[in-house]
>>> print(open('final-v4.cif').read())   # mmCIF, N, CA and C atoms and all ligand atoms
data_data
loop_
_atom_site.label_atom_id
_atom_site.label_comp_id
_atom_site.auth_asym_id
_atom_site.auth_seq_id
_atom_site.Cartn_x
_atom_site.Cartn_y
_atom_site.Cartn_z
N MET A 16 67.63 124.26 59.25
CA MET A 16 69.03 124.11 59.62
C MET A 16 69.80 123.36 58.53
N LEU A 17 71.05 123.76 58.37
CA LEU A 17 71.91 123.09 57.41
C LEU A 17 73.04 122.42 58.18
N ILE A 18 73.15 121.11 58.01
CA ILE A 18 74.18 120.36 58.74
C ILE A 18 75.27 119.94 57.76
N LEU A 19 76.48 120.37 58.07
CA LEU A 19 77.57 120.23 57.12
C LEU A 19 78.78 119.60 57.82
N LYS A 20 79.30 118.53 57.24
CA LYS A 20 80.52 117.95 57.81
C LYS A 20 81.68 118.91 57.57
N LYS A 21 82.61 118.91 58.51
CA LYS A 21 83.77 119.80 58.40
C LYS A 21 84.50 119.58 57.08
N LYS A 22 84.62 118.34 56.63
CA LYS A 22 85.35 118.07 55.38
C LYS A 22 84.64 118.71 54.17
N PHE A 23 83.31 118.80 54.23
CA PHE A 23 82.58 119.45 53.13
C PHE A 23 82.83 120.96 53.16
N LEU A 24 82.80 121.52 54.37
CA LEU A 24 83.07 122.95 54.50
C LEU A 24 84.47 123.26 53.96
N ASP A 25 85.43 122.43 54.34
CA ASP A 25 86.82 122.63 53.86
C ASP A 25 86.89 122.58 52.33
N LYS A 26 86.13 121.65 51.77
CA LYS A 26 86.10 121.50 50.31
C LYS A 26 85.54 122.75 49.63
N ILE A 27 84.45 123.28 50.20
CA ILE A 27 83.82 124.48 49.63
C ILE A 27 84.75 125.69 49.75
N ILE A 28 85.39 125.81 50.88
CA ILE A 28 86.32 126.93 51.09
C ILE A 28 87.49 126.81 50.10
N ALA A 29 87.99 125.60 49.92
CA ALA A 29 89.11 125.40 48.98
C ALA A 29 88.68 125.79 47.57
N GLN A 30 87.45 125.43 47.19
CA GLN A 30 86.95 125.79 45.86
C GLN A 30 86.81 127.31 45.74
N ALA A 31 86.29 127.95 46.77
CA ALA A 31 86.11 129.40 46.75
C ALA A 31 87.47 130.09 46.57
N ARG A 32 88.49 129.57 47.24
CA ARG A 32 89.83 130.16 47.14
C ARG A 32 90.43 129.90 45.75
N LYS A 33 90.14 128.74 45.21
CA LYS A 33 90.65 128.37 43.88
C LYS A 33 90.03 129.26 42.80
N GLU A 34 88.73 129.54 42.92
CA GLU A 34 88.03 130.33 41.91
C GLU A 34 88.28 131.83 42.06
N PHE A 35 88.74 132.24 43.23
CA PHE A 35 89.03 133.66 43.48
C PHE A 35 89.87 134.22 42.35
N PRO A 36 89.64 135.41 41.79
CA PRO A 36 88.73 136.45 42.29
C PRO A 36 87.29 136.31 41.82
N ASN A 37 86.94 135.22 41.14
CA ASN A 37 85.55 135.05 40.73
C ASN A 37 84.77 134.26 41.78
N GLU A 38 83.46 134.34 41.71
CA GLU A 38 82.64 133.58 42.63
C GLU A 38 82.64 132.11 42.25
N ALA A 39 82.64 131.26 43.27
CA ALA A 39 82.53 129.82 43.08
C ALA A 39 81.10 129.43 43.41
N CYS A 40 80.62 128.30 42.84
CA CYS A 40 79.26 127.88 43.18
C CYS A 40 79.14 126.37 43.13
N GLY A 41 78.06 125.87 43.70
CA GLY A 41 77.85 124.43 43.69
C GLY A 41 76.54 124.04 44.34
N ILE A 42 76.32 122.73 44.37
CA ILE A 42 75.06 122.18 44.87
C ILE A 42 75.33 121.27 46.06
N LEU A 43 74.46 121.38 47.06
CA LEU A 43 74.54 120.51 48.23
C LEU A 43 73.40 119.50 48.15
N ALA A 44 73.74 118.22 48.25
CA ALA A 44 72.71 117.19 48.18
C ALA A 44 72.69 116.43 49.49
N GLY A 45 71.50 115.98 49.87
CA GLY A 45 71.38 115.22 51.11
C GLY A 45 69.94 115.03 51.48
N LYS A 46 69.70 114.95 52.79
CA LYS A 46 68.36 114.68 53.30
C LYS A 46 68.17 115.38 54.63
N ASP A 47 66.98 115.87 54.87
CA ASP A 47 66.64 116.48 56.17
C ASP A 47 67.66 117.52 56.62
N GLY A 48 68.12 118.33 55.68
CA GLY A 48 69.06 119.39 56.05
C GLY A 48 70.49 118.93 56.22
N LYS A 49 70.72 117.63 56.10
CA LYS A 49 72.06 117.09 56.31
C LYS A 49 72.74 116.83 54.95
N VAL A 50 73.86 117.50 54.74
CA VAL A 50 74.56 117.37 53.47
C VAL A 50 75.31 116.05 53.39
N GLU A 51 75.06 115.31 52.30
CA GLU A 51 75.76 114.04 52.10
C GLU A 51 76.72 114.11 50.93
N LYS A 52 76.50 115.08 50.04
CA LYS A 52 77.38 115.21 48.89
C LYS A 52 77.46 116.65 48.42
N VAL A 53 78.67 117.06 48.03
CA VAL A 53 78.89 118.42 47.54
C VAL A 53 79.30 118.33 46.07
N TYR A 54 78.58 119.04 45.22
CA TYR A 54 78.92 119.08 43.80
C TYR A 54 79.47 120.46 43.45
N GLU A 55 80.72 120.51 43.07
CA GLU A 55 81.30 121.77 42.60
C GLU A 55 80.77 122.03 41.19
N MET A 56 80.31 123.27 40.95
CA MET A 56 79.77 123.59 39.64
C MET A 56 80.58 124.71 39.00
N SER A 57 80.42 124.83 37.66
CA SER A 57 81.10 125.92 36.96
C SER A 57 80.23 127.17 37.04
N ASN A 58 80.88 128.30 37.29
CA ASN A 58 80.18 129.58 37.27
C ASN A 58 80.32 130.15 35.86
N THR A 59 79.22 130.07 35.08
CA THR A 59 79.31 130.52 33.68
C THR A 59 79.44 132.04 33.59
N ASP A 60 79.16 132.75 34.68
CA ASP A 60 79.35 134.20 34.68
C ASP A 60 80.84 134.57 34.77
N THR A 61 81.66 133.64 35.30
CA THR A 61 83.06 133.95 35.65
C THR A 61 83.19 135.42 36.09
N SER A 62 82.50 135.70 37.18
CA SER A 62 82.40 137.08 37.66
C SER A 62 82.76 137.15 39.14
N PRO A 63 83.33 138.28 39.57
CA PRO A 63 83.59 138.46 41.00
C PRO A 63 82.36 138.87 41.79
N SER A 64 81.21 139.10 41.10
CA SER A 64 80.05 139.57 41.85
C SER A 64 78.76 138.80 41.59
N THR A 65 78.79 137.88 40.63
CA THR A 65 77.58 137.07 40.38
C THR A 65 78.00 135.64 40.03
N PHE A 66 77.00 134.76 40.07
CA PHE A 66 77.26 133.39 39.61
C PHE A 66 76.04 132.89 38.86
N PHE A 67 76.29 131.96 37.95
CA PHE A 67 75.19 131.27 37.28
C PHE A 67 75.70 129.89 36.95
N MET A 68 74.97 128.87 37.39
CA MET A 68 75.43 127.51 37.17
C MET A 68 75.18 127.08 35.74
N GLU A 69 76.13 126.37 35.20
CA GLU A 69 76.03 125.89 33.82
C GLU A 69 74.80 124.96 33.73
N ALA A 70 73.88 125.27 32.81
CA ALA A 70 72.57 124.61 32.80
C ALA A 70 72.63 123.10 32.59
N LYS A 71 73.43 122.66 31.61
CA LYS A 71 73.50 121.22 31.33
C LYS A 71 74.11 120.47 32.50
N GLU A 72 75.15 121.09 33.06
CA GLU A 72 75.83 120.49 34.20
C GLU A 72 74.86 120.38 35.38
N GLN A 73 74.07 121.41 35.57
CA GLN A 73 73.11 121.43 36.67
C GLN A 73 72.05 120.33 36.49
N LEU A 74 71.54 120.18 35.27
CA LEU A 74 70.54 119.14 35.02
C LEU A 74 71.10 117.75 35.28
N LYS A 75 72.35 117.56 34.86
CA LYS A 75 73.01 116.26 35.03
C LYS A 75 73.16 115.94 36.52
N VAL A 76 73.59 116.95 37.27
CA VAL A 76 73.78 116.75 38.71
C VAL A 76 72.44 116.50 39.40
N MET A 77 71.41 117.25 39.01
CA MET A 77 70.11 117.08 39.65
C MET A 77 69.54 115.70 39.38
N LYS A 78 69.81 115.17 38.19
CA LYS A 78 69.37 113.83 37.85
C LYS A 78 70.12 112.80 38.69
N GLU A 79 71.43 113.01 38.80
CA GLU A 79 72.25 112.09 39.59
C GLU A 79 71.79 112.07 41.05
N ILE A 80 71.44 113.26 41.56
CA ILE A 80 70.98 113.36 42.95
C ILE A 80 69.68 112.57 43.13
N ARG A 81 68.75 112.78 42.20
CA ARG A 81 67.47 112.05 42.27
C ARG A 81 67.69 110.56 42.22
N ASN A 82 68.58 110.14 41.32
CA ASN A 82 68.84 108.71 41.17
C ASN A 82 69.51 108.10 42.41
N SER A 83 70.14 108.94 43.22
CA SER A 83 70.79 108.44 44.44
C SER A 83 69.81 108.41 45.61
N GLY A 84 68.57 108.82 45.35
CA GLY A 84 67.56 108.80 46.42
C GLY A 84 67.73 109.91 47.43
N ILE A 85 68.50 110.94 47.08
CA ILE A 85 68.61 112.09 47.97
C ILE A 85 68.04 113.32 47.26
N GLN A 86 68.19 114.48 47.85
CA GLN A 86 67.60 115.68 47.26
C GLN A 86 68.60 116.82 47.17
N MET A 87 68.30 117.76 46.30
CA MET A 87 69.08 118.99 46.29
C MET A 87 68.58 119.80 47.50
N ILE A 88 69.43 119.96 48.50
CA ILE A 88 68.98 120.69 49.69
C ILE A 88 69.62 122.06 49.80
N GLY A 89 70.61 122.32 48.95
CA GLY A 89 71.24 123.63 49.03
C GLY A 89 71.97 124.02 47.77
N ILE A 90 72.13 125.34 47.62
CA ILE A 90 72.94 125.90 46.55
C ILE A 90 73.91 126.85 47.24
N TYR A 91 75.19 126.70 46.95
CA TYR A 91 76.13 127.59 47.62
C TYR A 91 76.92 128.41 46.61
N HIS A 92 77.39 129.55 47.05
CA HIS A 92 78.33 130.33 46.24
C HIS A 92 79.17 131.19 47.15
N SER A 93 80.23 131.72 46.58
CA SER A 93 81.13 132.54 47.40
C SER A 93 80.90 134.02 47.13
N HIS A 94 81.19 134.82 48.15
CA HIS A 94 81.29 136.26 47.99
C HIS A 94 82.75 136.59 48.23
N VAL A 95 83.38 137.18 47.23
CA VAL A 95 84.84 137.35 47.33
C VAL A 95 85.23 138.60 48.12
N ALA A 96 84.34 139.58 48.18
CA ALA A 96 84.71 140.82 48.85
C ALA A 96 83.58 141.43 49.67
N SER A 97 82.51 140.68 49.86
CA SER A 97 81.39 141.21 50.65
C SER A 97 80.94 140.16 51.65
N ARG A 98 80.09 140.60 52.58
CA ARG A 98 79.68 139.70 53.65
C ARG A 98 78.80 138.55 53.14
N ALA A 99 78.63 137.56 54.01
CA ALA A 99 77.83 136.39 53.66
C ALA A 99 76.36 136.70 53.80
N TYR A 100 75.83 137.44 52.83
CA TYR A 100 74.40 137.80 52.84
C TYR A 100 73.96 137.91 51.39
N PRO A 101 72.75 137.40 51.06
CA PRO A 101 72.33 137.41 49.65
C PRO A 101 72.26 138.82 49.06
N SER A 102 72.81 138.97 47.86
CA SER A 102 72.71 140.25 47.16
C SER A 102 71.33 140.34 46.51
N ALA A 103 70.97 141.52 46.01
CA ALA A 103 69.69 141.69 45.33
C ALA A 103 69.62 140.73 44.15
N HIS A 104 70.75 140.56 43.47
CA HIS A 104 70.83 139.65 42.32
C HIS A 104 70.61 138.19 42.77
N ASP A 105 71.19 137.83 43.91
CA ASP A 105 71.00 136.47 44.44
C ASP A 105 69.52 136.20 44.71
N VAL A 106 68.84 137.20 45.29
CA VAL A 106 67.43 137.03 45.63
C VAL A 106 66.60 136.87 44.35
N GLU A 107 66.94 137.67 43.36
CA GLU A 107 66.23 137.61 42.07
C GLU A 107 66.34 136.23 41.43
N LEU A 108 67.51 135.59 41.61
CA LEU A 108 67.75 134.31 40.96
C LEU A 108 67.58 133.11 41.90
N ALA A 109 66.91 133.34 43.01
CA ALA A 109 66.66 132.24 43.96
C ALA A 109 65.37 131.52 43.56
N PHE A 110 65.52 130.53 42.68
CA PHE A 110 64.33 129.89 42.10
C PHE A 110 63.77 128.76 42.95
N TYR A 111 64.51 128.35 43.99
CA TYR A 111 64.07 127.17 44.76
C TYR A 111 63.77 127.56 46.21
N PRO A 112 62.47 127.82 46.51
CA PRO A 112 62.13 128.29 47.86
C PRO A 112 62.43 127.27 48.96
N GLU A 113 62.55 125.97 48.58
CA GLU A 113 62.73 124.95 49.62
C GLU A 113 64.19 124.66 49.93
N VAL A 114 65.11 125.19 49.14
CA VAL A 114 66.52 124.87 49.40
C VAL A 114 67.21 125.96 50.23
N SER A 115 68.31 125.57 50.83
CA SER A 115 69.11 126.53 51.60
C SER A 115 70.12 127.19 50.66
N TYR A 116 70.22 128.49 50.76
CA TYR A 116 71.23 129.21 49.99
C TYR A 116 72.40 129.52 50.91
N ALA A 117 73.49 128.83 50.69
CA ALA A 117 74.66 129.02 51.55
C ALA A 117 75.63 129.97 50.86
N ILE A 118 76.16 130.89 51.63
CA ILE A 118 77.12 131.86 51.09
C ILE A 118 78.39 131.81 51.92
N ILE A 119 79.51 131.67 51.22
CA ILE A 119 80.81 131.64 51.86
C ILE A 119 81.49 132.97 51.57
N SER A 120 81.74 133.73 52.60
CA SER A 120 82.38 135.02 52.40
C SER A 120 83.89 134.91 52.61
N LEU A 121 84.61 135.45 51.61
CA LEU A 121 86.08 135.53 51.72
C LEU A 121 86.49 136.97 51.99
N GLU A 122 85.56 137.75 52.52
CA GLU A 122 85.86 139.15 52.82
C GLU A 122 87.10 139.22 53.71
N ASP A 123 87.12 138.38 54.74
CA ASP A 123 88.32 138.20 55.55
C ASP A 123 88.91 136.86 55.10
N LYS A 124 89.88 136.94 54.20
CA LYS A 124 90.38 135.72 53.54
C LYS A 124 90.89 134.66 54.51
N LYS A 125 91.42 135.10 55.63
CA LYS A 125 91.95 134.12 56.58
C LYS A 125 90.85 133.46 57.39
N ASN A 126 89.71 134.10 57.48
CA ASN A 126 88.60 133.56 58.27
C ASN A 126 87.31 133.54 57.45
N PRO A 127 87.20 132.60 56.52
CA PRO A 127 85.98 132.52 55.71
C PRO A 127 84.76 132.29 56.62
N VAL A 128 83.65 132.90 56.23
CA VAL A 128 82.42 132.77 57.02
C VAL A 128 81.37 132.12 56.13
N ILE A 129 80.66 131.13 56.67
CA ILE A 129 79.56 130.53 55.91
C ILE A 129 78.25 130.81 56.63
N LYS A 130 77.27 131.24 55.85
CA LYS A 130 75.92 131.44 56.40
C LYS A 130 74.93 130.85 55.42
N ALA A 131 73.75 130.49 55.93
CA ALA A 131 72.74 129.90 55.05
C ALA A 131 71.41 130.61 55.23
N PHE A 132 70.67 130.66 54.13
CA PHE A 132 69.42 131.40 54.12
C PHE A 132 68.37 130.64 53.33
N LYS A 133 67.12 130.84 53.75
CA LYS A 133 66.00 130.43 52.90
C LYS A 133 65.52 131.71 52.23
N ILE A 134 65.30 131.64 50.94
CA ILE A 134 64.83 132.82 50.22
C ILE A 134 63.49 132.47 49.59
N GLN A 135 62.44 133.09 50.12
CA GLN A 135 61.09 132.79 49.65
C GLN A 135 60.38 134.09 49.32
N GLU A 136 60.02 134.22 48.06
CA GLU A 136 59.34 135.43 47.58
C GLU A 136 60.03 136.69 48.09
N GLU A 137 61.33 136.74 47.88
CA GLU A 137 62.16 137.90 48.22
C GLU A 137 62.32 138.11 49.72
N ASN A 138 61.80 137.14 50.51
CA ASN A 138 62.04 137.18 51.94
C ASN A 138 63.29 136.39 52.26
N ILE A 139 64.20 136.99 53.01
CA ILE A 139 65.45 136.33 53.36
C ILE A 139 65.41 135.96 54.84
N ARG A 140 65.57 134.68 55.11
CA ARG A 140 65.57 134.23 56.51
C ARG A 140 66.83 133.43 56.77
N GLU A 141 67.61 133.88 57.74
CA GLU A 141 68.85 133.16 58.03
C GLU A 141 68.56 131.86 58.75
N GLU A 142 69.35 130.84 58.43
CA GLU A 142 69.21 129.54 59.08
C GLU A 142 70.48 129.24 59.85
N GLU A 143 70.35 128.32 60.78
CA GLU A 143 71.54 127.88 61.51
C GLU A 143 72.36 126.95 60.61
N VAL A 144 73.68 127.10 60.65
CA VAL A 144 74.56 126.16 59.96
C VAL A 144 75.31 125.40 61.04
N ARG A 145 75.14 124.10 61.07
CA ARG A 145 75.84 123.30 62.07
C ARG A 145 76.99 122.53 61.40
N ILE A 146 78.19 122.77 61.88
CA ILE A 146 79.36 122.08 61.33
C ILE A 146 79.67 120.89 62.23
N GLN A 147 79.79 119.73 61.62
CA GLN A 147 80.05 118.52 62.42
C GLN A 147 81.41 117.91 62.11
ZN ZN B 201 75.85 136.32 46.00
#
>>> encode(input="final-v4.cif", output="structure tokens", more="lines below")
Ligand SMILES: [Zn+2]
Amino acid sequence: MLILKKKFLDKIIAQARKEFPNEACGILAGKDGKVEKVYEMSNTDTSPSTFFMEAKEQLKVMKEIRNSGIQMIGIYHSHVASRAYPSAHDVELAFYPEVSYAIISLEDKKNPVIKAFKIQEENIREEEVRIQ
């Protein structure tokens, strides 16, 4: 399960809208499935259909997370015109079997949808997202 405060969800949605028409991405840090910090990341693909986090930025954030005594518990990105479900490309680049992959769909721009998945060896399993 991924537990997300409403203010974090609002922040992610705002970022997704700001980056539109390209995909937005970022890292969720926290503990036991509960998000305590959201890191907005640069999408080096600047693409409407894929994302790739800037490597140096990602290393810096991962170090900061470790130093704060929390963990990287999720990676999120937006889908600008498709549903909130991992694409074949997303599955291929899902390098962390233990983290939640959250996808924010702007397919219906007025009603963004967030869903989260565990991706393990190309197996996609949806998780509950609890907004608090
Ligand atoms: Zn995707």
>>> residues_around(input="final-v4.cif", residues="range 57-68 of chain A", least_positions_apart="2", cutoff="10 Å", atoms="only C-alpha atoms", output="PyMOL selection string")
chain A and resi 34-42+54-55+70-74+90-97+102+104-105+108
>>> select_by_dssp(input="final-v4.cif", residues="range 32-120 of chain A", states="helix (DSSP H, G or I)", output="ChimeraX atom specification")
/A:32-34,70-82,103-107
>>> atom_distance(input="final-v4.cif", atom1="CA of Met16 in chain A", atom2="atom N of Lys75 in chain A")
25.8 Å
>>> atom_distance(input="final-v4.cif", atom1="CA of Ala31 in chain A", atom2="atom C of Ile85 in chain A")
24.2 Å
>>> residues_around(input="final-v4.cif", residues="Ala131 in chain A", least_positions_apart="6", cutoff="5 Å", atoms="all atoms listed in the file", output="PyMOL selection string")
chain A and resi 116-118+141-142
>>> select_by_dssp(input="final-v4.cif", residues="range 16-144 of chain A", states="strand (DSSP E)", output="number ranges by chain")
A: 17-19, 40-46, 49-56, 86-94, 115-120, 128-135, 138-142, 144
>>> closest_residue(input="final-v4.cif", among="A:Val144, A:Met77, A:Ile88, A:Ala99", to="ligand ZN 201 (chain B)", atoms="only C-alpha atoms and all ligand atoms")
A:Ala99
>>> axis_aligned_box(input="final-v4.cif", around="range 108-118 of chain A", padding_each_side="3 Å", output="AutoDock Vina command-line options")
--center_x 70.3 --center_y 130.1 --center_z 46.4 --size_x 22.3 --size_y 16.9 --size_z 17.0
>>> residues_near_point(input="final-v4.cif", point="(77.2, 116.6, 52.5)", cutoff="9 Å", atoms="only C-alpha atoms", output="ChimeraX atom specification")
/A:18-20,22-24,43-45,49-53
>>> atom_distance(input="final-v4.cif", atom1="CA of Pro112 in chain A", atom2="CA of Asp47 in chain A")
15.1 Å
>>> residues_near_point(input="final-v4.cif", point="(64.1, 129.7, 47.6)", cutoff="6 Å", atoms="only C-alpha atoms", output="list in words")
Ala109, Phe110, Tyr111, Pro112, Glu113, Val114, Lys133, Ile134 and Gln135 of chain A
